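Asks: Pasting in a structure now, in structure tokens, and then I'll have a few things to ask.
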Amino acid sequence: RVTPLRQYESVMLDRDRLNDLYVQLGQHAAEDVVCRALEEMAARLGYIDKSYHAADWDNLRKNARGLGAIADQLGASMLAKVARDVKNCAEKGDPTAMAATIARLMRVGESALTEVWDIQEI
């Protein structure tokens, strides 16, 4: 008998970082920046997944580095950390570690996107 394990990680956002964006840019401009960042994060997660399956390590590293920078900007520090872990695994060429960190990146990425979207709605 096999019991599937559901993995879930709580993603905490640095709300102060988002708040700083709104203070610096104003409501309308900050909403535009956050929406574009969410779209870019989602796109990069997709590119990373495609690159992983195609074994395109250069593109994977590039997109993981970019995803980490965007996540930092929005206060999604865990997503930024996992994106750096993926980049490091790609550089080291460890397929087992890469599979695990890609799976974690997708979980954390999905949670971070949802969390930022929910906070923005507030």
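Each chain of the structure tokens is named A, B, ... in the order shown, its residues numbered from 1; ligands are numbered from 1 in display order.
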List the spatial neighbours of segment 32-34 of chain A as a ChimeraX atom specification - criterion: any atom at most 8 Å away, only C-alpha atoms, same-chain residues fewer than 4 positions off excluded.

Replies: /A:28,38,74

Asks: Listing only residues of segment 52-98 of chain A within 7 Å of segment 2-22 of chain A, what is the closest atom pair and its distance in Å (to one decimal) for each, using only C-alpha atoms, sorted by chain and residue number ascending, as a tab-separated table?

Replies:
residue	atom	partner	partner_atom	distance
A:Leu74	CA	A:Leu18	CA	5.8
A:Gly75	CA	A:Asp14	CA	4.5
A:Ala76	CA	A:Leu13	CA	5.0
A:Ser77	CA	A:Leu13	CA	7.0
A:Met78	CA	A:Val11	CA	6.8

Asks: Which of these residues is nearest to Arg104 of chain A, using only C-alpha atoms: A:Ala83, A:Leu60, A:Ala55, A:Glu40?

Replies: A:Ala83

Asks: Looking at A:Ile70, A:Leu25, A:Ala30, A:Ala100, which one is nearest to Ala42 of chain A, with distances taken over only C-alpha atoms?

Replies: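 Under the stated criterion, the closest residue is A:Ile70.
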
Asks: At what distance in Å, to one decimal, does atom CA of Val108 of chain A lie from atom CA of Leu79 of chain A?

Replies: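 That distance, rounded to one decimal, is 5.9 Å.
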
Asks: In Å, with one decimal, what is the gap from atom CA of Leu67 of chain A to atom CA of Arg84 of chain A?

Replies: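 According to the coordinates, atom CA of Leu67 of chain A and atom CA of Arg84 of chain A are separated by 8.8 Å.
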
Asks: State, in Å with one decimal place, the distance from atom CA of Ala29 of chain A to atom CA of Ser111 of chain A.

Replies: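 Atom CA of Ala29 of chain A sits 24.1 Å away from atom CA of Ser111 of chain A.
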
Asks: Among chain A, which ones does DSSP assign to helix (DSSP H, G or I) (computed from the backbone)? Answer as an NGL selection string.

Replies: :A and (15-25 or 27-53 or 57-74 or 77-92 or 95-121)
